[in-house]
>>> print(open('run_12.csv').read())   # CSV, C-alpha atoms
chain,number,residue,atom,x,y,z
A,1,MET,CA,-63.7,35.8,35.6
A,2,ILE,CA,-63.1,39.3,34.3
A,3,ASP,CA,-64.7,39.5,30.8
A,4,ASN,CA,-63.3,42.7,29.4
A,5,LYS,CA,-61.1,43.0,26.3
A,6,LYS,CA,-59.0,45.9,27.6
A,7,VAL,CA,-58.2,44.2,30.8
A,8,THR,CA,-57.4,41.0,28.9
A,9,ILE,CA,-54.9,43.0,26.7
A,10,VAL,CA,-53.4,44.6,29.8
A,11,SER,CA,-52.9,41.2,31.4
A,12,VAL,CA,-51.2,39.9,28.2
A,13,TYR,CA,-48.9,42.9,28.1
A,14,SER,CA,-48.1,42.4,31.8
A,15,LEU,CA,-46.8,38.9,31.0
A,16,MET,CA,-44.4,40.4,28.5
A,17,PHE,CA,-43.2,43.0,31.1
A,18,ALA,CA,-42.5,40.3,33.6
A,19,CYS,CA,-40.9,38.1,30.9
A,20,ALA,CA,-38.5,41.0,30.1
A,21,ALA,CA,-37.7,41.6,33.7
A,22,VAL,CA,-36.4,38.0,34.1
A,23,LEU,CA,-34.6,37.7,30.8
A,24,VAL,CA,-32.7,41.0,31.2
A,25,ILE,CA,-31.8,40.7,34.9
A,26,ILE,CA,-29.1,38.1,34.0
A,27,SER,CA,-26.9,40.9,32.6
A,28,PRO,CA,-26.4,42.9,35.8
A,29,MET,CA,-26.4,39.6,37.8
A,30,LEU,CA,-23.5,38.0,35.9
A,31,ASP,CA,-20.8,39.6,38.0
A,32,GLU,CA,-22.7,39.1,41.3
A,33,ILE,CA,-23.3,35.4,40.7
A,34,GLY,CA,-19.9,35.0,39.2
A,35,LYS,CA,-18.2,36.4,42.3
A,36,GLU,CA,-20.2,34.2,44.7
A,37,PHE,CA,-19.5,31.0,42.8
A,38,SER,CA,-16.0,32.0,41.6
A,39,LEU,CA,-16.9,31.6,37.9
A,40,THR,CA,-14.7,32.2,34.8
A,41,THR,CA,-15.9,34.4,31.9
A,42,ILE,CA,-16.8,31.2,30.0
A,43,GLN,CA,-18.8,29.9,32.9
A,44,MET,CA,-20.6,33.2,33.2
A,45,GLY,CA,-21.4,32.9,29.5
A,46,MET,CA,-22.9,29.5,30.3
A,47,LEU,CA,-25.5,31.2,32.6
A,48,MET,CA,-27.0,33.0,29.6
A,49,ALA,CA,-26.6,30.0,27.4
A,50,PHE,CA,-28.5,27.7,29.7
A,51,GLN,CA,-31.3,30.2,30.2
A,52,PHE,CA,-31.8,30.5,26.5
A,53,ILE,CA,-31.4,26.8,25.8
A,54,GLY,CA,-34.4,26.3,28.1
A,55,PHE,CA,-36.1,29.3,26.3
A,56,THR,CA,-35.7,27.5,22.9
A,57,ILE,CA,-36.8,24.0,24.0
A,58,PHE,CA,-39.9,25.1,26.0
A,59,THR,CA,-41.0,27.7,23.5
A,60,ILE,CA,-41.4,25.0,20.8
A,61,MET,CA,-43.1,22.6,23.2
A,62,GLY,CA,-45.4,25.3,24.6
A,63,GLY,CA,-46.5,26.4,21.1
A,64,ILE,CA,-47.4,22.9,20.0
A,65,ILE,CA,-49.4,22.3,23.2
A,66,ALA,CA,-51.1,25.7,23.0
A,67,ASP,CA,-52.5,24.8,19.5
A,68,LYS,CA,-53.8,21.5,20.9
A,69,VAL,CA,-55.2,22.9,24.2
A,70,SER,CA,-55.2,26.7,24.6
A,71,LYS,CA,-52.7,29.6,24.9
A,72,LYS,CA,-54.2,30.7,28.2
A,73,ALA,CA,-53.7,27.2,29.7
A,74,VAL,CA,-50.1,27.0,28.6
A,75,LEU,CA,-49.3,30.6,29.7
A,76,SER,CA,-51.0,30.0,33.1
A,77,VAL,CA,-48.7,27.1,33.8
A,78,ALA,CA,-45.6,28.9,32.6
A,79,VAL,CA,-46.1,32.1,34.7
A,80,CYS,CA,-47.0,30.1,37.9
A,81,ALA,CA,-44.0,27.8,37.4
A,82,ASN,CA,-41.7,30.7,37.0
A,83,CYS,CA,-43.0,32.3,40.1
A,84,VAL,CA,-42.0,29.2,42.1
A,85,LEU,CA,-38.7,28.8,40.3
A,86,LEU,CA,-37.6,32.4,41.0
A,87,PHE,CA,-38.1,31.9,44.7
A,88,LEU,CA,-36.1,28.6,44.5
A,89,PHE,CA,-33.3,30.5,42.5
A,90,ALA,CA,-33.0,32.9,45.4
A,91,ALA,CA,-31.9,30.0,47.6
A,92,VAL,CA,-29.7,28.0,45.2
A,93,GLN,CA,-26.4,26.9,46.7
A,94,SER,CA,-24.4,25.4,43.8
A,95,PHE,CA,-23.3,26.4,40.3
A,96,GLU,CA,-25.0,23.2,38.9
A,97,GLY,CA,-28.2,24.3,40.6
A,98,VAL,CA,-27.9,27.8,39.1
A,99,LEU,CA,-27.7,26.3,35.6
A,100,ALA,CA,-30.6,23.9,36.1
A,101,LEU,CA,-32.9,26.6,37.5
A,102,LEU,CA,-31.9,29.1,34.8
A,103,PHE,CA,-32.7,26.4,32.2
A,104,PHE,CA,-36.3,26.1,33.5
A,105,ILE,CA,-36.8,29.8,34.1
A,106,GLY,CA,-35.7,30.4,30.6
A,107,GLY,CA,-38.2,27.9,29.4
A,108,GLY,CA,-41.0,29.6,31.2
A,109,THR,CA,-40.1,33.0,29.8
A,110,GLY,CA,-39.8,31.6,26.3
A,111,ILE,CA,-43.4,30.4,26.5
A,112,MET,CA,-44.5,33.7,27.9
A,113,GLU,CA,-42.8,35.8,25.3
A,114,SER,CA,-43.9,33.8,22.3
A,115,MET,CA,-47.5,33.1,23.4
A,116,SER,CA,-48.2,36.6,24.7
A,117,THR,CA,-47.0,38.0,21.3
A,118,SER,CA,-49.2,35.5,19.5
A,119,MET,CA,-52.1,36.3,21.7
A,120,ALA,CA,-51.6,40.1,21.2
A,121,ALA,CA,-51.7,39.5,17.4
A,122,ASP,CA,-54.9,37.3,17.7
A,123,LEU,CA,-56.7,39.9,19.9
A,124,ASN,CA,-55.9,42.7,17.4
A,125,PRO,CA,-56.1,41.2,13.9
A,126,ALA,CA,-56.9,44.5,12.2
A,127,LYS,CA,-53.6,46.1,13.6
A,128,ARG,CA,-51.5,43.0,13.8
A,129,THR,CA,-48.1,44.5,12.8
A,130,PHE,CA,-48.6,47.4,15.2
A,131,HIS,CA,-49.4,45.2,18.2
A,132,ILE,CA,-46.6,42.7,17.5
A,133,ASN,CA,-44.3,45.7,17.6
A,134,PHE,CA,-46.0,47.5,20.5
A,135,ILE,CA,-45.9,44.4,22.7
A,136,GLN,CA,-42.1,44.5,22.1
A,137,VAL,CA,-42.2,48.1,23.4
A,138,ILE,CA,-43.7,46.7,26.6
A,139,PHE,CA,-40.9,44.2,26.7
A,140,GLY,CA,-38.5,47.2,26.4
A,141,VAL,CA,-40.2,48.9,29.4
A,142,GLY,CA,-39.6,45.8,31.5
A,143,ALA,CA,-36.0,45.5,30.2
A,144,LEU,CA,-35.4,49.2,31.0
A,145,ALA,CA,-36.9,49.1,34.5
A,146,MET,CA,-35.1,46.0,35.8
A,147,PRO,CA,-31.5,47.1,35.2
A,148,LEU,CA,-32.3,50.5,36.8
A,149,ILE,CA,-33.9,48.9,39.8
A,150,THR,CA,-31.2,46.3,40.1
A,151,GLY,CA,-28.4,48.7,39.7
A,152,TYR,CA,-29.8,51.0,42.5
A,153,ALA,CA,-30.5,48.0,44.7
A,154,LEU,CA,-27.0,46.4,44.3
A,155,SER,CA,-25.3,49.8,44.8
A,156,ASN,CA,-27.1,50.1,48.1
A,157,GLY,CA,-26.1,46.7,49.4
A,158,VAL,CA,-29.1,44.6,48.4
A,159,SER,CA,-28.1,41.0,47.5
A,160,TRP,CA,-28.8,39.4,44.1
A,161,ARG,CA,-30.8,36.8,46.0
A,162,SER,CA,-33.2,39.4,47.5
A,163,ILE,CA,-33.7,40.9,44.0
A,164,TYR,CA,-34.8,37.5,42.7
A,165,ILE,CA,-37.3,37.2,45.6
A,166,GLY,CA,-38.7,40.6,44.5
A,167,THR,CA,-38.9,39.4,40.9
A,168,GLY,CA,-40.8,36.3,42.1
A,169,ALA,CA,-43.3,38.5,43.9
A,170,LEU,CA,-43.8,40.4,40.6
A,171,TYR,CA,-44.6,37.1,38.9
A,172,ALA,CA,-47.1,36.3,41.5
A,173,ALA,CA,-49.0,39.5,40.9
A,174,VAL,CA,-48.9,39.1,37.1
A,175,ALA,CA,-50.1,35.4,37.5
A,176,ILE,CA,-53.1,36.4,39.6
A,177,LEU,CA,-54.2,39.1,37.1
A,178,PHE,CA,-53.8,36.7,34.1
A,179,LEU,CA,-55.7,33.9,35.8
A,180,LEU,CA,-58.6,36.2,36.5
A,181,VAL,CA,-59.2,37.3,32.9
A,182,LYS,CA,-61.4,35.5,30.4
A,183,MET,CA,-59.9,35.0,27.0
A,184,PRO,CA,-62.2,35.4,23.9
A,185,GLN,CA,-62.8,32.3,21.8
A,186,ALA,CA,-60.5,33.7,19.1
A,187,GLU,CA,-57.4,33.1,21.2
A,188,LYS,CA,-57.6,29.4,20.4
A,189,SER,CA,-55.9,28.3,17.2
A,190,ASP,CA,-56.9,25.4,14.9
A,191,SER,CA,-55.5,22.0,15.9
A,192,ILE,CA,-52.2,21.2,14.4
A,193,SER,CA,-50.7,18.1,12.9
A,194,LEU,CA,-47.2,16.9,12.0
A,195,LYS,CA,-48.0,17.4,8.4
A,196,SER,CA,-48.8,21.1,8.9
A,197,VAL,CA,-45.5,21.5,10.8
A,198,LYS,CA,-43.6,19.9,7.9
A,199,SER,CA,-45.4,22.2,5.5
A,200,LEU,CA,-44.4,25.2,7.6
A,201,LEU,CA,-40.7,24.1,7.7
A,202,LYS,CA,-40.7,23.9,3.9
A,203,ASN,CA,-41.8,27.5,3.6
A,204,LYS,CA,-38.5,29.1,2.5
A,205,TYR,CA,-39.6,32.6,3.5
A,206,PHE,CA,-40.4,31.5,7.0
A,207,LEU,CA,-37.1,29.6,7.3
A,208,MET,CA,-35.2,32.8,6.2
A,209,THR,CA,-37.2,34.7,8.8
A,210,CYS,CA,-36.1,32.2,11.4
A,211,ILE,CA,-32.4,32.6,10.4
A,212,CYS,CA,-32.8,36.4,10.6
A,213,LEU,CA,-34.3,36.1,14.1
A,214,PHE,CA,-31.4,33.8,15.1
A,215,CYS,CA,-28.9,36.4,13.9
A,216,TYR,CA,-30.7,39.4,15.5
A,217,THR,CA,-31.4,37.9,18.9
A,218,GLY,CA,-27.8,36.6,19.0
A,219,ALA,CA,-26.5,40.1,18.3
A,220,GLU,CA,-28.9,41.8,20.7
A,221,VAL,CA,-28.5,39.5,23.7
A,222,GLY,CA,-24.8,39.3,23.1
A,223,VAL,CA,-24.6,43.1,23.3
A,224,TRP,CA,-26.8,43.9,26.3
A,225,GLY,CA,-26.0,40.6,28.1
A,226,TRP,CA,-22.3,41.5,28.3
A,227,MET,CA,-22.8,45.3,28.4
A,228,SER,CA,-22.6,45.5,32.2
A,229,THR,CA,-19.5,43.3,32.4
A,230,PHE,CA,-17.9,44.9,29.4
A,231,THR,CA,-18.1,48.5,30.8
A,232,LYS,CA,-16.8,47.4,34.2
A,233,GLU,CA,-13.7,45.7,32.6
A,234,THR,CA,-12.9,48.2,29.8
A,235,MET,CA,-14.1,51.5,31.2
A,236,HIS,CA,-14.0,50.7,35.0
A,237,PHE,CA,-17.6,51.7,35.5
A,238,ASP,CA,-19.0,51.1,39.0
A,239,VAL,CA,-22.1,48.9,39.6
A,240,LEU,CA,-24.6,51.7,39.1
A,241,GLN,CA,-23.0,53.0,36.0
A,242,SER,CA,-22.7,49.6,34.4
A,243,ASN,CA,-26.4,48.9,35.0
A,244,LEU,CA,-27.3,52.3,33.6
A,245,THR,CA,-25.7,51.3,30.3
A,246,VAL,CA,-28.2,48.4,30.0
A,247,GLY,CA,-31.0,50.7,31.1
A,248,LEU,CA,-30.0,53.4,28.5
A,249,PHE,CA,-29.9,50.7,25.8
A,250,TRP,CA,-33.5,49.6,26.5
A,251,GLY,CA,-34.7,53.2,27.0
A,252,MET,CA,-33.6,54.1,23.5
A,253,MET,CA,-35.1,50.8,22.3
A,254,ILE,CA,-38.5,51.8,23.8
A,255,LEU,CA,-38.5,55.3,22.2
A,256,SER,CA,-37.4,54.0,18.8
A,257,ARG,CA,-39.8,51.0,18.8
A,258,THR,CA,-42.7,53.3,19.7
A,259,VAL,CA,-42.0,55.6,16.8
A,260,LEU,CA,-41.5,52.8,14.4
A,261,SER,CA,-44.8,51.1,15.5
A,262,PHE,CA,-46.5,53.9,13.7
A,263,ALA,CA,-44.0,54.0,10.8
A,264,ALA,CA,-44.8,50.4,10.0
A,265,SER,CA,-48.2,51.5,8.7
A,266,LYS,CA,-46.5,53.6,6.0
A,267,TRP,CA,-43.3,51.7,5.2
A,268,SER,CA,-42.5,48.0,4.6
A,269,ALA,CA,-41.5,46.1,7.7
A,270,ARG,CA,-38.9,44.4,5.6
A,271,LYS,CA,-37.3,47.6,4.5
A,272,ILE,CA,-37.3,49.0,8.0
A,273,ALA,CA,-35.5,45.9,9.2
A,274,ILE,CA,-32.8,46.2,6.5
A,275,VAL,CA,-32.1,49.8,7.2
A,276,LEU,CA,-31.9,49.3,10.9
A,277,ALA,CA,-29.6,46.2,10.6
A,278,ALA,CA,-27.3,48.1,8.3
A,279,LEU,CA,-27.0,51.1,10.7
A,280,SER,CA,-26.5,48.8,13.6
A,281,ILE,CA,-23.2,47.4,12.3
A,282,PRO,CA,-21.1,50.6,12.6
A,283,ALA,CA,-22.9,51.4,15.9
A,284,THR,CA,-21.9,48.1,17.3
A,285,LEU,CA,-18.3,48.5,16.2
A,286,MET,CA,-18.3,52.0,17.8
A,287,VAL,CA,-19.1,50.3,21.2
A,288,ALA,CA,-16.1,48.0,20.7
A,289,MET,CA,-13.8,50.9,19.9
A,290,ALA,CA,-15.0,53.2,22.6
A,291,THR,CA,-12.1,54.7,24.6
A,292,SER,CA,-13.8,57.4,26.5
A,293,GLU,CA,-16.9,57.6,28.7
A,294,PRO,CA,-18.8,60.0,26.3
A,295,MET,CA,-18.1,57.7,23.4
A,296,VAL,CA,-19.6,54.8,25.4
A,297,TRP,CA,-22.8,56.6,26.1
A,298,ILE,CA,-23.2,57.9,22.6
A,299,SER,CA,-22.6,54.4,21.0
A,300,ILE,CA,-25.1,52.8,23.4
A,301,ILE,CA,-27.7,55.4,22.4
A,302,LEU,CA,-27.1,54.6,18.8
A,303,ILE,CA,-27.3,50.8,19.1
A,304,GLY,CA,-30.5,51.2,21.2
A,305,ILE,CA,-32.1,53.2,18.4
A,306,PHE,CA,-30.9,51.0,15.5
A,307,TYR,CA,-31.5,47.6,17.2
A,308,SER,CA,-34.9,48.7,18.3
A,309,ALA,CA,-37.6,47.4,15.9
A,310,GLN,CA,-35.6,44.8,13.9
A,311,TYR,CA,-37.0,41.9,15.8
A,312,PRO,CA,-40.8,42.8,15.6
A,313,MET,CA,-40.4,43.9,12.0
A,314,ILE,CA,-38.7,40.7,10.9
A,315,LEU,CA,-41.3,38.7,12.8
A,316,ALA,CA,-44.3,40.6,11.5
A,317,HIS,CA,-43.1,40.5,7.9
A,318,GLY,CA,-42.1,36.8,8.0
A,319,THR,CA,-45.4,35.6,9.5
A,320,GLU,CA,-47.9,37.9,8.0
A,321,ASP,CA,-49.2,35.3,5.5
A,322,ILE,CA,-49.4,32.4,7.9
A,323,LYS,CA,-52.9,32.3,9.4
A,324,ASP,CA,-53.2,28.8,10.8
A,325,SER,CA,-51.7,27.2,14.0
A,326,THR,CA,-50.3,30.6,15.1
A,327,GLY,CA,-49.2,29.1,18.5
A,328,THR,CA,-46.7,26.8,16.7
A,329,VAL,CA,-45.8,29.4,14.1
A,330,PHE,CA,-44.8,31.9,16.8
A,331,ALA,CA,-43.2,29.2,18.9
A,332,ILE,CA,-40.8,28.1,16.1
A,333,ALA,CA,-40.0,31.7,15.3
A,334,PHE,CA,-39.2,32.6,18.9
A,335,ALA,CA,-37.3,29.3,19.3
A,336,SER,CA,-35.1,30.3,16.4
A,337,GLY,CA,-34.3,33.5,18.3
A,338,GLY,CA,-33.7,31.4,21.4
A,339,VAL,CA,-31.0,29.5,19.7
A,340,GLY,CA,-29.3,32.7,18.8
A,341,MET,CA,-29.6,33.9,22.4
A,342,SER,CA,-28.0,30.7,23.6
A,343,VAL,CA,-25.1,30.5,21.1
A,344,ALA,CA,-24.0,34.1,20.5
A,345,PRO,CA,-23.5,35.2,24.2
A,346,TYR,CA,-21.6,32.0,25.0
A,347,LEU,CA,-19.3,32.4,21.9
A,348,MET,CA,-18.7,36.0,23.0
A,349,GLY,CA,-17.7,34.7,26.4
A,350,VAL,CA,-15.2,32.3,24.7
A,351,ILE,CA,-13.9,35.1,22.5
A,352,GLY,CA,-13.7,37.5,25.4
A,353,GLU,CA,-11.7,34.9,27.5
A,354,ALA,CA,-9.2,34.3,24.6
A,355,ALA,CA,-8.9,37.7,23.0
A,356,GLY,CA,-10.6,40.3,25.1
A,357,SER,CA,-14.2,41.7,25.4
A,358,ARG,CA,-13.7,44.3,22.6
A,359,LEU,CA,-13.0,41.7,20.0
A,360,SER,CA,-16.0,39.7,21.1
A,361,LEU,CA,-18.3,42.5,19.8
A,362,LEU,CA,-17.2,41.6,16.3
A,363,LEU,CA,-19.6,38.7,16.4
A,364,PRO,CA,-22.8,40.8,16.7
A,365,ALA,CA,-21.6,42.9,13.8
A,366,VAL,CA,-21.2,39.8,11.7
A,367,LEU,CA,-24.7,38.6,12.6
A,368,LEU,CA,-26.2,42.0,11.7
A,369,GLY,CA,-24.5,41.9,8.4
A,370,SER,CA,-26.0,38.5,7.7
A,371,ILE,CA,-29.5,40.0,8.3
A,372,VAL,CA,-28.9,42.7,5.7
A,373,LEU,CA,-27.6,40.1,3.2
A,374,ILE,CA,-30.6,37.7,3.7
A,375,GLN,CA,-33.3,40.4,3.8
A,376,ALA,CA,-32.0,42.5,0.9
A,377,VAL,CA,-30.6,39.9,-1.4
A,378,PHE,CA,-32.2,36.5,-0.8
A,379,TYR,CA,-35.5,37.4,0.8
A,380,ARG,CA,-37.4,38.7,-2.2
A,381,PRO,CA,-40.9,40.2,-1.8
A,382,ARG,CA,-43.5,37.5,-2.2
A,383,LYS,CA,-45.9,37.4,-5.0
A,384,LYS,CA,-49.4,36.2,-4.1
A,385,GLU,CA,-50.9,33.8,-6.5
A,386,SER,CA,-54.6,34.2,-7.4
A,387,GLY,CA,-56.8,32.8,-4.6
A,388,LYS,CA,-53.8,31.6,-2.6
A,389,GLU,CA,-51.9,32.8,0.4
A,390,PRO,CA,-48.2,31.8,0.0
A,391,GLY,CA,-47.5,31.4,3.7
A,392,LYS,CA,-50.6,29.4,4.6
A,393,ILE,CA,-49.8,26.0,6.0
A,394,ALA,CA,-51.8,22.9,5.8
A,395,ASN,CA,-54.5,22.6,8.4
A,396,THR,CA,-55.2,18.9,8.8
A,397,THR,CA,-56.6,17.1,11.8
>>> encode(input="run_12.csv", output="structure tokens")
Amino acid sequence: MIDNKKVTIVSVYSLMFACAAVLVIISPMLDEIGKEFSLTTIQMGMLMAFQFIGFTIFTIMGGIIADKVSKKAVLSVAVCANCVLLFLFAAVQSFEGVLALLFFIGGGTGIMESMSTSMAADLNPAKRTFHINFIQVIFGVGALAMPLITGYALSNGVSWRSIYIGTGALYAAVAILFLLVKMPQAEKSDSISLKSVKSLLKNKYFLMTCICLFCYTGAEVGVWGWMSTFTKETMHFDVLQSNLTVGLFWGMMILSRTVLSFAASKWSARKIAIVLAALSIPATLMVAMATSEPMVWISIILIGIFYSAQYPMILAHGTEDIKDSTGTVFAIAFASGGVGMSVAPYLMGVIGEAAGSRLSLLLPAVLLGSIVLIQAVFYRPRKKESGKEPGKIANTT
């Protein structure tokens, strides 16, 4: 076992990188898989929906089990299972098989994203908000790299199946590194009971956080998930150009998240989230109205900047006072986002099939408006009572 905190943190960050690679790869693959299996727009939307339904269900299960056993044990199973599933996905021969495998692959990535974020916070308690945001920067690096690699590979005749084999190999390397590191005792959470879960679900601030995460992830995944298909249909981009749009989006996300990681130490995470959500609305509508290539590229840059740190800021602010059973806390929070990831892209596919892909982008704008309303109007700053932590949940065994 490697007993070194820096190596441990690197291994946790590598999990997030691999997680992003698999989640984002579905965007450039929609058309490729759709062509092979002769899918409609609604059926292509089902690909994203099934992946994120699995994400939601397994994230909750993984968080509860992690608080009973350990985060490393749950993460080890998830990353190894996904390695096998990715190789199986490369050989799938039916649409039903595609949906089933995406469901379980989504489940593995859900556990990886929520537990690696929770683990990063546990390993760095003094700079918790910074590391929750920074590990999302690492997610952005994976999300940037995969569309660029995929776009280049597809434009040079590499099949989508071969790309999934390569992704499976990446998971194998990440799994080996993670299995070799020793986690400090602090990574284990206190045991959790049904009573403590009920207490958490009665916390109105945490529930509003979950609603905001639902809205944000729905908007984000809806935009980047359909970006490649959208630019091919409306702007007649080729395979490489359409994949570059997704890469550009994530490139701007990385830059902005990195800057805002440091800004979070000076400004309220809640206020940053409100401003970014408000600015994201006109930027999203600009994408929908784009009629020229330059306008497309400019609008993508803007949404990348404005979407950037909303997720980690909402998450950090909404969970900062909850100290117990962090595995379950992060699991429920990420699962809320998983529901948004499942619902919004599918609904955008339905809208796109009926009224065109431009009108489908109205849905993310509405979701972003909901975040502004909830965070600015209903989500009042919490007042701490003497000797009490308002977000602390019961810890009974």
>>> closest_residue(input="run_12.csv", among="A:Phe330, A:Phe306, A:Phe55, A:Phe103", to="Phe206 of chain A", atoms="all atoms listed in the file")
A:Phe330
>>> residues_near_point(input="run_12.csv", point="(-40.4, 39.0, 44.6)", cutoff="12 Å", atoms="all atoms listed in the file", output="PyMOL selection string")
chain A and resi 18+21-22+82-90+160-174
>>> closest_residue(input="run_12.csv", among="A:Arg270, A:Lys204, A:Lys182, A:Arg358", to="Leu315 of chain A", atoms="all atoms listed in the file")
A:Arg270
>>> closest_atom_pairs(input="run_12.csv", of="segment 74-192 of chain A", to="segment 35-54 of chain A", cutoff="6 Å", atoms="all atoms listed in the file", output="CSV")
residue,atom,partner,partner_atom,distance
A:Leu102,CA,A:Gln51,CA,4.8
A:Phe103,CA,A:Gly54,CA,4.4
A:Phe104,CA,A:Gly54,CA,5.7
A:Gly106,CA,A:Gln51,CA,4.4
A:Gly107,CA,A:Gly54,CA,4.3
>>> residues_near_point(input="run_12.csv", point="(-39.8, 48.6, 32.2)", cutoff="10 Å", atoms="only C-alpha atoms", output="list in words")
Phe17, Ala18, Ala20, Ala21, Val137, Ile138, Phe139, Gly140, Val141, Gly142, Ala143, Leu144, Ala145, Met146, Pro147, Leu148, Ile149, Gly247, Trp250, Gly251 and Ile254 of chain A
>>> closest_residue(input="run_12.csv", among="A:Leu154, A:Leu255, A:Ala277, A:Phe249", to="Ile301 of chain A", atoms="only C-alpha atoms")
A:Phe249
>>> atom_distance(input="run_12.csv", atom1="atom CA of Ile305 of chain A", atom2="atom CA of Met119 of chain A")
26.4 Å
>>> closest_residue(input="run_12.csv", among="A:Leu347, A:Ile132, A:Val77, A:Ile211", to="Ile374 of chain A", atoms="all atoms listed in the file")
A:Ile211
>>> atom_distance(input="run_12.csv", atom1="atom CA of Gly340 of chain A", atom2="atom CA of Thr291 of chain A")
28.5 Å
>>> atom_distance(input="run_12.csv", atom1="atom CA of Tyr346 of chain A", atom2="atom CA of Cys210 of chain A")
19.9 Å
>>> closest_atom_pairs(input="run_12.csv", of="segment 100-196 of chain A", to="segment 236-239 of chain A", cutoff="9 Å", atoms="only C-alpha atoms", output="JSON lines")
{"residue": "A:Gly151", "atom": "CA", "partner": "A:Val239", "partner_atom": "CA", "distance": 6.3}
{"residue": "A:Tyr152", "atom": "CA", "partner": "A:Val239", "partner_atom": "CA", "distance": 8.5}
{"residue": "A:Leu154", "atom": "CA", "partner": "A:Val239", "partner_atom": "CA", "distance": 7.2}
{"residue": "A:Ser155", "atom": "CA", "partner": "A:Val239", "partner_atom": "CA", "distance": 6.2}
